[in-house]
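*Asks:* Just query.txt, nothing more (compact mmCIF, C-alpha atoms):
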# COMPACT_ATOMS: atom_id res chain seq x y z
CA MET N 1 -12.12 182.05 64.43
CA ALA N 2 -8.82 180.39 65.26
CA PRO N 3 -5.80 182.61 65.73
CA GLN N 4 -3.57 183.07 62.69
CA GLY N 5 -0.75 181.02 64.22
CA VAL N 6 -3.08 178.09 64.81
CA ARG N 7 -4.40 178.34 61.25
CA SER N 8 -0.81 178.39 59.91
CA LEU N 9 0.10 175.33 61.96
CA SER N 10 -3.02 173.57 60.71
CA ALA N 11 -2.19 174.40 57.09
CA LEU N 12 1.39 173.25 57.61
CA ALA N 13 0.13 169.97 59.01
CA ARG N 14 -2.09 169.44 55.96
CA ILE N 15 0.79 170.25 53.60
CA SER N 16 3.09 167.88 55.48
CA LYS N 17 0.46 165.15 55.21
CA VAL N 18 0.13 165.68 51.47
CA LEU N 19 3.90 165.71 50.97
CA GLY N 20 4.19 162.54 53.04
CA ALA N 21 1.62 160.85 50.84
CA LEU N 22 3.47 161.96 47.72
CA LEU N 23 6.74 160.61 49.08
CA VAL N 24 5.07 157.27 49.81
CA CYS N 25 3.74 157.14 46.25
CA ALA N 26 7.15 158.04 44.86
CA SER N 27 8.92 155.37 46.90
CA THR N 28 6.29 152.83 45.88
CA ALA N 29 6.80 153.69 42.21
CA GLN N 30 10.56 153.35 42.60
CA ALA N 31 10.18 150.00 44.33
CA GLY N 32 7.87 148.65 41.65
CA ASP N 33 9.04 146.56 38.71
CA PRO N 34 10.52 148.52 35.79
CA PRO N 35 8.51 148.55 32.57
CA PRO N 36 9.25 145.71 30.12
CA PRO N 37 11.85 146.50 27.47
CA ALA N 38 10.32 147.99 24.34
CA ARG N 39 13.22 147.35 21.94
CA VAL N 40 14.71 143.85 22.20
CA VAL N 41 17.55 142.57 20.04
CA SER N 42 18.65 138.92 20.10
CA ILE N 43 22.08 137.97 18.74
CA ASN N 44 21.97 134.22 19.44
CA LEU N 45 19.93 131.41 17.90
CA CYS N 46 18.70 130.06 21.22
CA THR N 47 17.69 133.43 22.65
CA ASP N 48 15.95 134.01 19.31
CA GLN N 49 13.74 130.99 20.01
CA LEU N 50 12.93 132.04 23.55
CA ALA N 51 12.13 135.60 22.48
CA LEU N 52 9.89 134.45 19.63
CA GLN N 53 7.88 132.33 22.04
CA LEU N 54 7.57 134.96 24.77
CA ALA N 55 7.85 138.49 23.40
CA ALA N 56 4.83 140.76 23.14
CA PRO N 57 3.87 142.09 19.68
CA GLY N 58 6.26 144.82 18.58
CA GLN N 59 8.79 144.06 21.33
CA ILE N 60 11.41 142.37 19.10
CA VAL N 61 13.49 144.75 16.99
CA SER N 62 15.89 142.21 15.47
CA LEU N 63 16.90 138.53 15.61
CA SER N 64 20.10 136.80 14.64
CA ALA N 65 20.37 135.86 10.96
CA VAL N 66 20.46 132.16 11.93
CA ALA N 67 16.88 132.45 13.21
CA ARG N 68 15.70 132.16 9.59
CA ASP N 69 17.61 128.91 8.93
CA ALA N 70 14.97 126.18 9.05
CA GLN N 71 17.70 123.54 9.43
CA VAL N 72 18.42 124.68 12.99
CA SER N 73 15.58 127.05 13.84
CA PRO N 74 12.15 125.53 14.62
CA LEU N 75 10.60 129.01 14.37
CA ALA N 76 12.28 129.97 11.11
CA GLU N 77 8.99 130.90 9.48
CA ALA N 78 8.00 133.22 12.32
CA ALA N 79 11.49 134.76 12.24
CA MET N 80 10.93 135.90 8.66
CA ALA N 81 8.76 138.72 9.99
CA TYR N 82 11.71 140.39 11.76
CA PRO N 83 14.86 142.17 10.62
CA VAL N 84 18.05 140.20 11.22
CA ASN N 85 21.47 141.04 12.57
CA HIS N 86 24.84 139.33 12.39
CA GLY N 87 25.83 139.91 15.99
CA SER N 88 28.31 142.74 15.59
CA ALA N 89 28.39 145.39 18.31
CA GLU N 90 28.23 148.21 15.76
CA GLU N 91 25.16 146.73 14.11
CA VAL N 92 23.38 146.16 17.42
CA PHE N 93 24.21 149.62 18.80
CA ARG N 94 22.63 151.30 15.76
CA LEU N 95 19.35 149.55 16.60
CA GLN N 96 19.27 151.36 19.98
CA PRO N 97 17.83 148.43 21.96
CA ASP N 98 17.00 148.65 25.64
CA LEU N 99 17.75 144.90 26.00
CA VAL N 100 20.21 142.69 24.14
CA LEU N 101 19.84 138.91 24.45
CA ALA N 102 22.97 136.82 24.08
CA SER N 103 24.45 133.43 24.91
CA ALA N 104 26.98 132.76 27.64
CA TYR N 105 29.29 131.89 24.75
CA THR N 106 28.71 135.05 22.73
CA SER N 107 32.00 136.80 22.01
CA PRO N 108 33.11 138.51 25.23
CA VAL N 109 34.54 141.32 23.10
CA THR N 110 31.10 142.00 21.65
CA VAL N 111 29.34 141.76 24.99
CA GLY N 112 31.91 143.95 26.71
CA LEU N 113 31.73 146.63 24.03
CA LEU N 114 27.93 146.73 24.12
CA ARG N 115 27.97 147.13 27.88
CA ARG N 116 30.57 149.88 27.71
CA LEU N 117 28.28 151.63 25.24
CA GLY N 118 25.61 151.61 27.93
CA LEU N 119 23.41 148.79 26.62
CA ARG N 120 21.88 146.17 28.85
CA VAL N 121 23.03 142.69 27.82
CA GLU N 122 21.55 139.56 29.35
CA GLN N 123 23.36 136.28 28.65
CA PHE N 124 21.79 132.84 28.82
CA PRO N 125 23.71 129.63 29.58
CA PRO N 126 23.09 126.56 27.40
CA GLU N 127 20.46 124.12 28.59
CA ASP N 128 21.87 120.79 29.73
CA SER N 129 18.67 119.45 31.28
CA PHE N 130 14.92 119.91 31.28
CA ASP N 131 15.25 121.90 34.48
CA ASP N 132 17.56 124.28 32.61
CA ILE N 133 14.90 124.63 29.92
CA ARG N 134 12.34 125.60 32.53
CA ALA N 135 14.75 128.02 34.21
CA ASN N 136 15.71 129.83 31.00
CA THR N 137 12.10 130.00 29.84
CA ARG N 138 11.07 131.47 33.18
CA ARG N 139 13.94 133.97 33.16
CA MET N 140 13.14 135.14 29.63
CA GLY N 141 9.52 135.58 30.61
CA GLU N 142 10.56 137.79 33.51
CA LEU N 143 12.95 139.85 31.37
CA LEU N 144 10.31 140.48 28.72
CA GLY N 145 7.52 141.15 31.19
CA GLN N 146 5.70 137.95 30.20
CA PRO N 147 5.95 135.69 33.27
CA ASP N 148 2.44 134.28 32.81
CA VAL N 149 3.18 133.26 29.23
CA ALA N 150 6.38 131.57 30.40
CA GLU N 151 4.52 129.60 33.06
CA ARG N 152 1.98 128.43 30.48
CA LEU N 153 4.79 127.23 28.21
CA ILE N 154 6.43 125.40 31.10
CA ALA N 155 3.13 123.79 32.09
CA GLY N 156 2.53 122.66 28.51
CA PHE N 157 6.06 121.25 28.37
CA GLY N 158 5.43 119.18 31.46
CA ALA N 159 2.09 117.97 30.14
CA SER N 160 3.67 116.89 26.83
CA LEU N 161 6.39 114.93 28.59
CA ALA N 162 3.84 113.29 30.85
CA GLU N 163 2.09 111.86 27.76
CA ILE N 164 5.18 109.93 26.63
CA PRO N 165 4.41 106.21 27.12
CA PRO N 166 6.90 104.33 29.32
CA ALA N 167 9.28 101.80 27.82
CA HIS N 168 8.39 98.13 28.22
CA ARG N 169 12.00 97.00 27.88
CA LYS N 170 15.49 98.44 27.48
CA VAL N 171 16.01 99.85 23.98
CA THR N 172 19.54 101.08 23.20
CA ALA N 173 20.23 104.03 20.96
CA VAL N 174 23.07 106.26 19.79
CA ILE N 175 22.82 109.80 18.49
CA TYR N 176 25.35 109.71 15.65
CA GLY N 177 26.25 112.74 13.59
CA PRO N 178 28.64 113.93 10.87
CA ASN N 179 32.28 112.86 11.25
CA GLY N 180 31.13 110.16 13.69
CA PHE N 181 30.27 112.59 16.47
CA ALA N 182 28.27 110.82 19.17
CA SER N 183 26.43 112.32 22.13
CA ALA N 184 27.43 110.83 25.48
CA GLY N 185 27.58 111.75 29.13
CA THR N 186 25.14 114.05 30.81
CA GLY N 187 23.54 116.85 28.86
CA LEU N 188 20.46 117.67 26.83
CA PRO N 189 20.88 114.83 24.25
CA ASP N 190 21.02 112.28 27.05
CA ALA N 191 17.99 113.88 28.69
CA LEU N 192 16.08 113.56 25.41
CA LEU N 193 16.92 109.87 25.13
CA ARG N 194 15.97 109.10 28.71
CA ALA N 195 12.68 111.00 28.41
CA ALA N 196 11.88 108.97 25.29
CA GLY N 197 12.52 105.72 27.18
CA LEU N 198 15.85 105.02 25.41
CA THR N 199 19.24 104.00 26.83
CA ASN N 200 22.28 105.80 25.42
CA ALA N 201 24.65 103.03 24.33
CA ALA N 202 27.43 105.56 23.63
CA ASN N 203 27.83 105.97 27.39
CA ASP N 204 29.38 102.49 27.47
CA VAL N 205 32.43 103.68 25.52
CA LEU N 206 32.52 107.47 25.85
CA ALA N 207 32.69 109.56 29.01
CA PHE N 208 31.40 112.59 27.15
CA SER N 209 30.38 113.58 23.63
CA GLY N 210 33.04 113.07 20.98
CA THR N 211 34.09 111.01 18.00
CA LEU N 212 32.90 107.41 17.97
CA ALA N 213 34.65 105.25 15.38
CA LEU N 214 32.32 103.44 13.01
CA GLU N 215 33.83 100.11 14.08
CA LYS N 216 32.96 100.78 17.73
CA LEU N 217 29.45 101.81 16.77
CA VAL N 218 28.96 98.54 14.91
CA MET N 219 30.28 96.57 17.89
CA LEU N 220 27.92 98.41 20.25
CA ALA N 221 25.06 97.26 18.01
CA PRO N 222 22.48 99.79 19.28
CA GLU N 223 18.93 99.00 18.31
CA MET N 224 18.42 102.55 17.10
CA ILE N 225 20.85 104.93 15.40
CA ILE N 226 19.61 108.49 15.51
CA THR N 227 21.04 110.70 12.80
CA PRO N 228 20.40 114.37 12.02
CA THR N 229 18.56 115.56 8.96
CA PRO N 230 21.32 116.11 6.36
CA TYR N 231 21.96 119.52 4.87
CA PRO N 232 21.15 119.97 1.18
CA GLY N 233 23.93 119.00 -1.20
CA ALA N 234 26.93 116.75 -0.66
CA SER N 235 29.05 116.65 2.48
CA ARG N 236 32.07 114.46 3.21
CA ALA N 237 31.33 114.84 6.93
CA GLU N 238 27.88 113.32 6.43
CA GLU N 239 29.08 110.60 4.03
CA LEU N 240 29.85 108.36 7.02
CA LEU N 241 26.15 108.22 7.89
CA ARG N 242 25.49 106.44 4.59
CA HIS N 243 28.13 103.78 5.13
CA PRO N 244 27.01 100.24 4.17
CA ALA N 245 27.78 99.03 7.70
CA LEU N 246 24.82 101.06 8.92
CA ALA N 247 22.45 99.86 6.21
CA GLY N 248 19.42 98.00 7.44
CA ARG N 249 19.76 99.15 11.03
CA ALA N 250 16.75 100.71 12.68
CA GLY N 251 17.12 104.44 12.63
CA ALA N 252 15.34 107.63 13.50
CA GLY N 253 15.95 111.07 12.10
CA LEU N 254 16.29 113.90 14.54
CA ALA N 255 15.99 117.27 12.85
CA GLY N 256 18.59 119.71 14.07
CA ASN N 257 15.93 122.32 14.67
CA GLU N 258 14.21 120.00 17.15
CA TRP N 259 16.99 120.15 19.71
CA ALA N 260 19.67 122.62 18.56
CA CYS N 261 18.43 124.79 21.40
CA GLY N 262 16.97 123.79 24.72
CA THR N 263 13.44 125.15 24.67
CA VAL N 264 10.08 123.63 25.49
CA MET N 265 9.85 122.64 21.81
CA VAL N 266 12.22 119.70 22.44
CA ALA N 267 9.12 117.87 23.68
CA ARG N 268 8.34 117.24 20.00
CA ALA N 269 11.69 115.49 19.54
CA VAL N 270 11.04 113.35 22.61
CA ALA N 271 7.64 112.32 21.24
CA ARG N 272 9.13 111.33 17.85
CA LEU N 273 11.90 109.31 19.48
CA ALA N 274 9.40 107.58 21.76
CA ALA N 275 7.27 106.64 18.74
CA ALA N 276 10.33 105.14 17.02
CA ARG N 277 11.14 103.21 20.21
CA GLU N 278 7.62 101.81 20.44
CA ALA N 279 7.94 100.50 16.90
CA LEU N 280 10.83 98.31 18.10
CA GLU N 281 9.17 96.99 21.24
Can you dump the structure from the file as structure tokens?
*Replies:*
Amino acid sequence: MAPQGVRSLSALARISKVLGALLVCASTAQAGDPPPPARVVSINLCTDQLALQLAAPGQIVSLSAVARDAQVSPLAEAAMAYPVNHGSAEEVFRLQPDLVLASAYTSPVTVGLLRRLGLRVEQFPPEDSFDDIRANTRRMGELLGQPDVAERLIAGFGASLAEIPPAHRKVTAVIYGPNGFASAGTGLPDALLRAAGLTNAANDVLAFSGTLALEKLVMLAPEMIITPTPYPGASRAEELLRHPALAGRAGAGLAGNEWACGTVMVARAVARLAAAREALE
């Protein structure tokens, strides 16, 4: 039989080994990824769309009220299943979320107050390119613990764009909205046109998006004038789009919910614009 001192040293060695193993396990657990948020609140239309595409069942607690507006929200029907909020800090705090999704342009007062109240707020910049769409989709997937779902969406987006037939000749187009607002310069509208095989004629007279007088539009003579789906009822801002000078010109509607936000769903808008372009070739 080993002396008592030897036995004590042996026992101490075993205990030290066990404690060491426990410390390794603890440090490993701390170094691992945190669990996905269980209560997610979105207070922006575009983060609504990303969350609806990527969140696990039961993960979304509330979406912005605009998520139910089919005029700008492509997932308005799916949004009907969730409670809505109007983006106030008081309203959001009562929901006790562990993650709040907001835009880079969400009121800094609201964002600051929510953070001072101890809530985690993640803000997303607007998407100005298809690469931005991929980046925001990937980031949302990581935040919600759904990276594989995000990668599948991104892969499907790429596959959809790859199916767009190339243009056989230069076809000019202008995205023309209420009050004569035209999209020009770099940005998501221009990316949509280029992906559809169209050339943005507004770039010839505008350095960036802004008002394009009807007379200048007529002089540009684009082959395609792309106008948004009008809101129900009458609107003086939209009256310009029904001006006789535009009558008979080839046009293509572009529903606001197809590109109000930069998500992988803009591939549908690209496909519709490409089909309209092919009809002119």
*Asks:* Compare N:Asp98, N:Asp128, N:Asp33, N:Asp69 by their minimum atom-to-atom distance to Cys261 (chain N), counting all atoms listed in the file, and give me the closest one.
*Replies:*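 For Cys261 (chain N), the nearest of the candidates is N:Asp128.
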*Asks:* Find the distance between CA of Met80 (chain N) and CA of Leu95 (chain N) and write it in Å to one decimal.
*Replies:*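 CA of Leu95 (chain N) lies at a distance of 17.9 Å from CA of Met80 (chain N).
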*Asks:* So that I can see what lies close to Pro36 (chain N), please list as a list in words the residues with an atom at most 10 Å from it, counting all atoms listed in the file and leaving out residues fewer than 2 positions away in the same chain.
*Replies:* Asp33, Pro34, Ala38, Arg39, Val40, Ala55, Ala56, Gln59, Asp98, Leu99, Glu142, Leu143, Leu144, Gly145 and Gln146 of chain N
*Asks:* Expressed in Å to a single decimal, how great is the separation between CA of Arg242 (chain N) and CA of Arg194 (chain N)?
*Replies:* 26.1 Å
*Asks:* Would you compute the distance between CA of Pro126 (chain N) and CA of Pro57 (chain N)? Give it in Å to one decimal.
*Replies:*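 Atom-to-atom, CA of Pro126 (chain N) to CA of Pro57 (chain N), that is 25.9 Å.
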*Asks:* Would you mind telling me which residue in N:Ala81, N:Ala260, N:Leu214, N:Leu52 lies nearest to Glu127 (chain N) when using all atoms listed in the file?
*Replies:*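 Counting all atoms listed in the file, the residue closest to Glu127 (chain N) is N:Ala260.
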*Asks:* Pick the closest to Leu117 (chain N) from N:Asn85, N:Ser103, N:Ser62, N:Gln96: which is it, counting only C-alpha atoms?
*Replies:*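 For Leu117 (chain N), the nearest of the candidates is N:Gln96.
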*Asks:* Please put the answer as JSON: centre and edge lengths, in Å with one decimal, of a box along x, y and z that encloses all listed atoms of region 132-140 of chain N plus 6 Å on each side.
*Replies:*
{"center_x": 14.3, "center_y": 129.7, "center_z": 31.9, "size_x": 18.5, "size_y": 22.9, "size_z": 16.6}
*Asks:* Which residues, written as a tab-separated table (two decimals) with C-alpha atoms, keeping the file's coordinate frame, have at least one atom at most 9 Å from Ala275 (chain N), with all atoms listed in the file counted and residues fewer than 5 positions away on the same chain left out?
*Replies:*
chain	number	residue	atom	x	y	z
N	164	ILE	CA	5.18	109.93	26.63
N	165	PRO	CA	4.41	106.21	27.12
N	196	ALA	CA	11.88	108.97	25.29
N	270	VAL	CA	11.04	113.35	22.61
*Asks:* Between N:Gly262, N:Pro97, N:Pro83, N:Pro108, which residue has the minimum interatomic distance to Gly187 (chain N), considering only C-alpha atoms?
*Replies:* N:Gly262
*Asks:* What lies within 6 Å of region 197-210 of chain N using all atoms listed in the file, ignoring chain neighbours under 5 positions off, as a JSON list (two decimals) with C-alpha atoms, keeping the file's coordinate frame?
*Replies:*
[["chain", "number", "residue", "atom", "x", "y", "z"],
["N", 167, "ALA", "CA", 9.28, 101.80, 27.82],
["N", 171, "VAL", "CA", 16.01, 99.85, 23.98],
["N", 172, "THR", "CA", 19.54, 101.08, 23.20],
["N", 173, "ALA", "CA", 20.23, 104.03, 20.96],
["N", 174, "VAL", "CA", 23.07, 106.26, 19.79],
["N", 181, "PHE", "CA", 30.27, 112.59, 16.47],
["N", 182, "ALA", "CA", 28.27, 110.82, 19.17],
["N", 183, "SER", "CA", 26.43, 112.32, 22.13],
["N", 184, "ALA", "CA", 27.43, 110.83, 25.48],
["N", 185, "GLY", "CA", 27.58, 111.75, 29.13]]
*Asks:* Which residue gives the smallest distance to Gln53 (chain N) among N:Pro74, N:Gly112, N:Gly177, N:Gly256, with all atoms listed in the file counted?
*Replies:* N:Pro74
*Asks:* Restricting the calculation to all atoms listed in the file, which member of N:Leu114, N:Pro125, N:Ala267, N:Ile133 is positioned closest to Ala162 (chain N)?
*Replies:*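 Distance minimum relative to Ala162 (chain N) lands on N:Ala267.
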*Asks:* Identify, on the basis of all atoms listed in the file, every residue whose closest approach to Arg68 (chain N) does not exceed 8 Å; exclude the query and any residue fewer than 3 positions from it along the same chain; express the result as a list of chain:residue names.
*Replies:*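 Non-adjacent residues within range: N:Ala65, N:Ser73, N:Leu75, N:Ala76, N:Glu77, N:Ala79, N:Met80.
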*Asks:* Write region 175-186 of chain N as a PDB file, in the coordinates of the input, completed to all heavy atoms.
*Replies:*
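Once written, rebuild.pdb looks like this:
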ATOM      1  N   ILE N 175      22.956 108.624  19.342  1.00  0.00           N
ATOM      2  CA  ILE N 175      22.820 109.800  18.490  1.00  0.00           C
ATOM      3  C   ILE N 175      24.141 109.976  17.762  1.00  0.00           C
ATOM      4  O   ILE N 175      25.183 110.246  18.380  1.00  0.00           O
ATOM      5  CB  ILE N 175      22.486 111.065  19.316  1.00  0.00           C
ATOM      6  CG1 ILE N 175      21.152 110.880  20.050  1.00  0.00           C
ATOM      7  CG2 ILE N 175      22.421 112.294  18.415  1.00  0.00           C
ATOM      8  CD1 ILE N 175      20.772 112.064  20.933  1.00  0.00           C
ATOM      9  N   TYR N 176      24.123 109.780  16.450  1.00  0.00           N
ATOM     10  CA  TYR N 176      25.350 109.710  15.650  1.00  0.00           C
ATOM     11  C   TYR N 176      25.295 110.746  14.541  1.00  0.00           C
ATOM     12  O   TYR N 176      24.385 110.749  13.718  1.00  0.00           O
ATOM     13  CB  TYR N 176      25.482 108.307  15.067  1.00  0.00           C
ATOM     14  CG  TYR N 176      26.879 107.902  14.671  1.00  0.00           C
ATOM     15  CD1 TYR N 176      27.913 107.871  15.604  1.00  0.00           C
ATOM     16  CD2 TYR N 176      27.168 107.522  13.362  1.00  0.00           C
ATOM     17  CE1 TYR N 176      29.194 107.476  15.243  1.00  0.00           C
ATOM     18  CE2 TYR N 176      28.445 107.111  12.987  1.00  0.00           C
ATOM     19  CZ  TYR N 176      29.456 107.100  13.937  1.00  0.00           C
ATOM     20  OH  TYR N 176      30.721 106.710  13.579  1.00  0.00           O
ATOM     21  N   GLY N 177      26.274 111.634  14.534  1.00  0.00           N
ATOM     22  CA  GLY N 177      26.250 112.740  13.590  1.00  0.00           C
ATOM     23  C   GLY N 177      27.411 112.744  12.623  1.00  0.00           C
ATOM     24  O   GLY N 177      28.198 111.787  12.550  1.00  0.00           O
ATOM     25  N   PRO N 178      27.539 113.811  11.837  1.00  0.00           N
ATOM     26  CA  PRO N 178      28.640 113.930  10.870  1.00  0.00           C
ATOM     27  C   PRO N 178      30.001 113.728  11.536  1.00  0.00           C
ATOM     28  O   PRO N 178      30.208 114.076  12.702  1.00  0.00           O
ATOM     29  CB  PRO N 178      28.482 115.361  10.356  1.00  0.00           C
ATOM     30  CG  PRO N 178      27.026 115.661  10.516  1.00  0.00           C
ATOM     31  CD  PRO N 178      26.635 114.969  11.794  1.00  0.00           C
ATOM     32  N   ASN N 179      30.927 113.155  10.760  1.00  0.00           N
ATOM     33  CA  ASN N 179      32.280 112.860  11.250  1.00  0.00           C
ATOM     34  C   ASN N 179      32.277 111.899  12.433  1.00  0.00           C
ATOM     35  O   ASN N 179      33.240 111.829  13.191  1.00  0.00           O
ATOM     36  CB  ASN N 179      33.034 114.133  11.626  1.00  0.00           C
ATOM     37  CG  ASN N 179      33.496 114.900  10.401  1.00  0.00           C
ATOM     38  OD1 ASN N 179      33.833 114.309   9.376  1.00  0.00           O
ATOM     39  ND2 ASN N 179      33.499 116.220  10.489  1.00  0.00           N
ATOM     40  N   GLY N 180      31.187 111.148  12.618  1.00  0.00           N
ATOM     41  CA  GLY N 180      31.130 110.160  13.690  1.00  0.00           C
ATOM     42  C   GLY N 180      30.998 110.756  15.074  1.00  0.00           C
ATOM     43  O   GLY N 180      31.335 110.105  16.065  1.00  0.00           O
ATOM     44  N   PHE N 181      30.437 111.961  15.162  1.00  0.00           N
ATOM     45  CA  PHE N 181      30.270 112.590  16.470  1.00  0.00           C
ATOM     46  C   PHE N 181      29.076 111.973  17.180  1.00  0.00           C
ATOM     47  O   PHE N 181      27.962 111.942  16.659  1.00  0.00           O
ATOM     48  CB  PHE N 181      30.045 114.095  16.313  1.00  0.00           C
ATOM     49  CG  PHE N 181      30.032 114.844  17.625  1.00  0.00           C
ATOM     50  CD1 PHE N 181      31.211 115.279  18.197  1.00  0.00           C
ATOM     51  CD2 PHE N 181      28.843 115.089  18.287  1.00  0.00           C
ATOM     52  CE1 PHE N 181      31.215 115.961  19.403  1.00  0.00           C
ATOM     53  CE2 PHE N 181      28.822 115.763  19.491  1.00  0.00           C
ATOM     54  CZ  PHE N 181      30.016 116.201  20.059  1.00  0.00           C
ATOM     55  N   ALA N 182      29.328 111.458  18.386  1.00  0.00           N
ATOM     56  CA  ALA N 182      28.270 110.820  19.170  1.00  0.00           C
ATOM     57  C   ALA N 182      28.044 111.569  20.466  1.00  0.00           C
ATOM     58  O   ALA N 182      28.982 112.077  21.083  1.00  0.00           O
ATOM     59  CB  ALA N 182      28.642 109.362  19.468  1.00  0.00           C
ATOM     60  N   SER N 183      26.786 111.640  20.879  1.00  0.00           N
ATOM     61  CA  SER N 183      26.430 112.320  22.130  1.00  0.00           C
ATOM     62  C   SER N 183      26.518 111.327  23.273  1.00  0.00           C
ATOM     63  O   SER N 183      25.950 110.247  23.219  1.00  0.00           O
ATOM     64  CB  SER N 183      25.008 112.883  22.038  1.00  0.00           C
ATOM     65  OG  SER N 183      24.929 113.860  21.017  1.00  0.00           O
ATOM     66  N   ALA N 184      27.264 111.713  24.313  1.00  0.00           N
ATOM     67  CA  ALA N 184      27.430 110.830  25.480  1.00  0.00           C
ATOM     68  C   ALA N 184      27.551 111.686  26.727  1.00  0.00           C
ATOM     69  O   ALA N 184      27.698 112.903  26.670  1.00  0.00           O
ATOM     70  CB  ALA N 184      28.649 109.942  25.304  1.00  0.00           C
ATOM     71  N   GLY N 185      27.498 111.029  27.868  1.00  0.00           N
ATOM     72  CA  GLY N 185      27.580 111.750  29.130  1.00  0.00           C
ATOM     73  C   GLY N 185      26.276 112.465  29.435  1.00  0.00           C
ATOM     74  O   GLY N 185      25.255 112.281  28.772  1.00  0.00           O
ATOM     75  N   THR N 186      26.325 113.288  30.458  1.00  0.00           N
ATOM     76  CA  THR N 186      25.140 114.050  30.810  1.00  0.00           C
ATOM     77  C   THR N 186      24.989 115.223  29.851  1.00  0.00           C
ATOM     78  O   THR N 186      25.939 115.655  29.221  1.00  0.00           O
ATOM     79  CB  THR N 186      25.244 114.576  32.249  1.00  0.00           C
ATOM     80  OG1 THR N 186      26.414 115.396  32.350  1.00  0.00           O
ATOM     81  CG2 THR N 186      25.326 113.428  33.239  1.00  0.00           C
TER      82      THR N 186
END
